[in-house]
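Q: Sharing a structure with you now.
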Amino acid sequence: MPLSNRVCFLVNLRDALRCRQCGKQPQGPENYHRGFEYHHRLPRSQGGSDEVENIVLLCHECHQQGHKTTNTKDERLSVLDLRPPACFLCWHCQTRLESRSVEMNCGWYRCHACQTQIPLYQHFSTALA
Ligand SMILES: [Zn+2]
Ligand SMILES: [Zn+2]
Ligand SMILES: [Zn+2]
């Protein structure tokens, strides 16, 4: 079963659209998601859930690398906070939005205050510049 849009959105939001392992950022707005993958820290085959806390954003290279080494090179990840942010500020109008109830898709959210649909790529664009 594919991950829900909300789980993908929350993972993207929490990880600021960067590879959690090497910090790599997307190449551009049109293919912001290319080369990035969702990794289950505890695999589904071992009872891992599709909860946000069990999923991290990795670039393709780090993902492959992580799966090759059976010895879990996950220590760096485990010390990081894996909970999604409870709220965040609209990129456009700075209104505080609830992460778990905001209208969204995996790659954007819509602010109920200013009615703007904001791509996550744009949301994090200051960090990307
Ligand atoms: Zn990476
Ligand atoms: Zn994986
Ligand atoms: Zn807004």
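Labels for the structure tokens follow display order: chains A, B, ..., residues from 1 in each chain, ligands from 1.
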Could you build a table of the residues in chain A lying no more than 7 Å from ligand 3, giving for each the nearest pair of atoms and their separation in Å rounded to one decimal place, using only C-alpha atoms and all ligand atoms, ordered by chain and ascending residue number, as a tab-separated table?
A:
residue	atom	partner	partner_atom_place_in_ligand_line	distance
A:Cys90	CA	ligand 3	1 (Zn)	4.6
A:Trp91	CA	ligand 3	1 (Zn)	6.6
A:His92	CA	ligand 3	1 (Zn)	4.9
A:Cys93	CA	ligand 3	1 (Zn)	4.1
A:Gln94	CA	ligand 3	1 (Zn)	6.0
A:Thr95	CA	ligand 3	1 (Zn)	5.5
A:Cys111	CA	ligand 3	1 (Zn)	4.5
A:His112	CA	ligand 3	1 (Zn)	6.6
A:Ala113	CA	ligand 3	1 (Zn)	5.1
A:Cys114	CA	ligand 3	1 (Zn)	4.1
A:Gln115	CA	ligand 3	1 (Zn)	6.3
A:Thr116	CA	ligand 3	1 (Zn)	5.9
Q: Please write the residues from the selection above to a file, keeping all heavy atoms, as an mmCIF file, in the first residue's frame.
A:
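Once written, again-v6.cif looks like this:
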data_model
loop_
_atom_site.group_PDB
_atom_site.id
_atom_site.type_symbol
_atom_site.label_atom_id
_atom_site.label_comp_id
_atom_site.auth_asym_id
_atom_site.auth_seq_id
_atom_site.Cartn_x
_atom_site.Cartn_y
_atom_site.Cartn_z
ATOM 1 N N CYS A 90 2.652 29.691 7.520
ATOM 2 C CA CYS A 90 2.418 29.837 6.088
ATOM 3 C C CYS A 90 3.555 30.664 5.495
ATOM 4 O O CYS A 90 3.894 31.736 6.012
ATOM 5 C CB CYS A 90 1.081 30.528 5.846
ATOM 6 S SG CYS A 90 0.843 31.054 4.131
ATOM 7 N N TRP A 91 4.111 30.162 4.426
ATOM 8 C CA TRP A 91 5.229 30.827 3.772
ATOM 9 C C TRP A 91 4.822 32.213 3.272
ATOM 10 O O TRP A 91 5.621 33.147 3.261
ATOM 11 C CB TRP A 91 5.689 29.965 2.590
ATOM 12 C CG TRP A 91 6.820 30.528 1.797
ATOM 13 C CD1 TRP A 91 8.150 30.418 2.085
ATOM 14 C CD2 TRP A 91 6.737 31.270 0.580
ATOM 15 N NE1 TRP A 91 8.889 31.052 1.134
ATOM 16 C CE2 TRP A 91 8.052 31.587 0.194
ATOM 17 C CE3 TRP A 91 5.657 31.692 -0.219
ATOM 18 C CZ2 TRP A 91 8.337 32.307 -0.964
ATOM 19 C CZ3 TRP A 91 5.945 32.409 -1.367
ATOM 20 C CH2 TRP A 91 7.271 32.706 -1.724
ATOM 21 N N HIS A 92 3.537 32.332 2.915
ATOM 22 C CA HIS A 92 3.052 33.565 2.291
ATOM 23 C C HIS A 92 2.623 34.610 3.316
ATOM 24 O O HIS A 92 3.042 35.761 3.248
ATOM 25 C CB HIS A 92 1.883 33.227 1.361
ATOM 26 C CG HIS A 92 1.408 34.380 0.538
ATOM 27 N ND1 HIS A 92 2.148 34.894 -0.499
ATOM 28 C CD2 HIS A 92 0.280 35.103 0.612
ATOM 29 C CE1 HIS A 92 1.490 35.902 -1.020
ATOM 30 N NE2 HIS A 92 0.354 36.060 -0.377
ATOM 31 N N CYS A 93 1.781 34.214 4.289
ATOM 32 C CA CYS A 93 1.197 35.210 5.199
ATOM 33 C C CYS A 93 1.592 35.006 6.659
ATOM 34 O O CYS A 93 1.147 35.760 7.527
ATOM 35 C CB CYS A 93 -0.319 35.230 5.056
ATOM 36 S SG CYS A 93 -1.127 33.796 5.790
ATOM 37 N N GLN A 94 2.387 33.988 6.922
ATOM 38 C CA GLN A 94 2.910 33.743 8.275
ATOM 39 C C GLN A 94 1.854 33.296 9.280
ATOM 40 O O GLN A 94 2.099 33.302 10.484
ATOM 41 C CB GLN A 94 3.615 35.005 8.832
ATOM 42 C CG GLN A 94 4.729 35.523 7.944
ATOM 43 C CD GLN A 94 5.916 34.567 7.914
ATOM 44 O OE1 GLN A 94 6.496 34.266 8.941
ATOM 45 N NE2 GLN A 94 6.254 34.066 6.741
ATOM 46 N N THR A 95 0.680 32.910 8.782
ATOM 47 C CA THR A 95 -0.324 32.351 9.690
ATOM 48 C C THR A 95 0.142 30.983 10.175
ATOM 49 O O THR A 95 0.720 30.219 9.419
ATOM 50 C CB THR A 95 -1.682 32.212 8.964
ATOM 51 O OG1 THR A 95 -2.158 33.514 8.615
ATOM 52 C CG2 THR A 95 -2.727 31.519 9.840
ATOM 53 N N CYS A 111 -3.051 27.372 2.508
ATOM 54 C CA CYS A 111 -3.271 28.148 3.725
ATOM 55 C C CYS A 111 -4.728 28.592 3.794
ATOM 56 O O CYS A 111 -5.255 29.156 2.833
ATOM 57 C CB CYS A 111 -2.349 29.360 3.718
ATOM 58 S SG CYS A 111 -2.662 30.486 5.073
ATOM 59 N N HIS A 112 -5.385 28.327 4.923
ATOM 60 C CA HIS A 112 -6.803 28.699 5.054
ATOM 61 C C HIS A 112 -6.970 30.210 5.243
ATOM 62 O O HIS A 112 -8.040 30.747 5.039
ATOM 63 C CB HIS A 112 -7.461 27.946 6.210
ATOM 64 C CG HIS A 112 -6.821 28.196 7.538
ATOM 65 N ND1 HIS A 112 -7.010 29.337 8.257
ATOM 66 C CD2 HIS A 112 -5.964 27.446 8.269
ATOM 67 C CE1 HIS A 112 -6.306 29.292 9.374
ATOM 68 N NE2 HIS A 112 -5.662 28.154 9.402
ATOM 69 N N ALA A 113 -5.906 30.886 5.629
ATOM 70 C CA ALA A 113 -6.003 32.329 5.865
ATOM 71 C C ALA A 113 -5.871 33.121 4.568
ATOM 72 O O ALA A 113 -6.707 33.959 4.254
ATOM 73 C CB ALA A 113 -4.947 32.765 6.865
ATOM 74 N N CYS A 114 -4.824 32.844 3.810
ATOM 75 C CA CYS A 114 -4.607 33.629 2.583
ATOM 76 C C CYS A 114 -5.025 32.864 1.331
ATOM 77 O O CYS A 114 -4.942 33.399 0.218
ATOM 78 C CB CYS A 114 -3.150 34.070 2.486
ATOM 79 S SG CYS A 114 -1.980 32.716 2.224
ATOM 80 N N GLN A 115 -5.467 31.623 1.503
ATOM 81 C CA GLN A 115 -5.963 30.801 0.388
ATOM 82 C C GLN A 115 -4.893 30.514 -0.662
ATOM 83 O O GLN A 115 -5.209 30.170 -1.798
ATOM 84 C CB GLN A 115 -7.180 31.461 -0.287
ATOM 85 C CG GLN A 115 -8.402 31.550 0.611
ATOM 86 C CD GLN A 115 -8.929 30.176 0.983
ATOM 87 O OE1 GLN A 115 -8.992 29.273 0.166
ATOM 88 N NE2 GLN A 115 -9.296 30.005 2.244
ATOM 89 N N THR A 116 -3.640 30.665 -0.300
ATOM 90 C CA THR A 116 -2.574 30.396 -1.262
ATOM 91 C C THR A 116 -2.164 28.930 -1.190
ATOM 92 O O THR A 116 -2.045 28.374 -0.100
ATOM 93 C CB THR A 116 -1.349 31.273 -0.948
ATOM 94 O OG1 THR A 116 -1.777 32.622 -0.783
ATOM 95 C CG2 THR A 116 -0.323 31.196 -2.070
#
Q: Select the residues contacting ligand 1 at a distance of at most 7 Å, based on only C-alpha atoms and all ligand atoms, then format the selection as a list in words.
A: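 Those within range of ligand 1 are Cys19, Arg20, Gln21, Cys22, Gly23, Lys24, Leu58, Cys59, His60, Glu61 and Cys62 of chain A.
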Q: With C-alpha atoms retained, write the just-selected residues as a PDB file, in the first residue's frame.
A:
ATOM      1  CA  CYS A  19      18.062  13.754   2.469  1.00  0.00           C
ATOM      2  CA  ARG A  20      18.201  12.935   6.137  1.00  0.00           C
ATOM      3  CA  GLN A  21      21.540  11.215   5.753  1.00  0.00           C
ATOM      4  CA  CYS A  22      23.645  13.506   3.544  1.00  0.00           C
ATOM      5  CA  GLY A  23      21.560  16.674   3.459  1.00  0.00           C
ATOM      6  CA  LYS A  24      21.197  16.685  -0.305  1.00  0.00           C
ATOM      7  CA  LEU A  58      16.584   9.835   1.771  1.00  0.00           C
ATOM      8  CA  CYS A  59      18.185  10.485  -1.571  1.00  0.00           C
ATOM      9  CA  HIS A  60      18.397   7.503  -3.864  1.00  0.00           C
ATOM     10  CA  GLU A  61      22.126   7.014  -3.222  1.00  0.00           C
ATOM     11  CA  CYS A  62      21.864   7.024   0.573  1.00  0.00           C
TER      12      CYS A  62
END
Q: Hey, could you make a per-residue contact list for chain A against ligand 2 with 9 Å as the cut-off, showing the nearest pair of atoms and its distance in Å to one decimal, counting only C-alpha atoms and all ligand atoms, sorted by chain and number, as JSON lines?
A:
{"residue": "A:Glu37", "atom": "CA", "partner": "ligand 2", "partner_atom_place_in_ligand_line": "1 (Zn)", "distance": 7.8}
{"residue": "A:Tyr38", "atom": "CA", "partner": "ligand 2", "partner_atom_place_in_ligand_line": "1 (Zn)", "distance": 6.6}
{"residue": "A:His39", "atom": "CA", "partner": "ligand 2", "partner_atom_place_in_ligand_line": "1 (Zn)", "distance": 3.7}
{"residue": "A:His40", "atom": "CA", "partner": "ligand 2", "partner_atom_place_in_ligand_line": "1 (Zn)", "distance": 5.2}
{"residue": "A:Arg41", "atom": "CA", "partner": "ligand 2", "partner_atom_place_in_ligand_line": "1 (Zn)", "distance": 7.0}
{"residue": "A:Leu42", "atom": "CA", "partner": "ligand 2", "partner_atom_place_in_ligand_line": "1 (Zn)", "distance": 8.8}
{"residue": "A:Pro43", "atom": "CA", "partner": "ligand 2", "partner_atom_place_in_ligand_line": "1 (Zn)", "distance": 7.3}
{"residue": "A:Ile55", "atom": "CA", "partner": "ligand 2", "partner_atom_place_in_ligand_line": "1 (Zn)", "distance": 8.7}
{"residue": "A:Val56", "atom": "CA", "partner": "ligand 2", "partner_atom_place_in_ligand_line": "1 (Zn)", "distance": 8.7}
{"residue": "A:Leu58", "atom": "CA", "partner": "ligand 2", "partner_atom_place_in_ligand_line": "1 (Zn)", "distance": 8.4}
{"residue": "A:His63", "atom": "CA", "partner": "ligand 2", "partner_atom_place_in_ligand_line": "1 (Zn)", "distance": 5.9}
{"residue": "A:Gln64", "atom": "CA", "partner": "ligand 2", "partner_atom_place_in_ligand_line": "1 (Zn)", "distance": 7.7}
{"residue": "A:Gly66", "atom": "CA", "partner": "ligand 2", "partner_atom_place_in_ligand_line": "1 (Zn)", "distance": 7.4}
{"residue": "A:His67", "atom": "CA", "partner": "ligand 2", "partner_atom_place_in_ligand_line": "1 (Zn)", "distance": 6.4}
Q: Smallest atom-to-atom distance to Glu53 of chain A: which of A:Arg34, A:Leu13, A:Arg18, A:Val7, using only C-alpha atoms?
A: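 Ranking A:Arg34, A:Leu13, A:Arg18, A:Val7 by distance to Glu53 of chain A, first place goes to A:Val7.
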Q: Give the answer as one residue: which of A:Asp81, A:Ala86, A:Leu57, A:Phe9 has the shortest atom-to-atom distance to Met104 of chain A, using only C-alpha atoms?
A: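 Ranking A:Asp81, A:Ala86, A:Leu57, A:Phe9 by distance to Met104 of chain A, first place goes to A:Phe9.
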Q: As an exercise, work out the distance from atom CA of Arg100 of chain A to atom CA of Leu10 of chain A in Å and give it to one decimal place.
A: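 One can read the atom CA of Arg100 of chain A to atom CA of Leu10 of chain A distance as 7.9 Å.
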Q: Could you go through segment 78-129 of chain A and tell me which residues DSSP, when run on the backbone, assigns to helix (DSSP H, G or I), listing them as an MDAnalysis selection string?
A: chainID A and resid 78 120:123 125:128
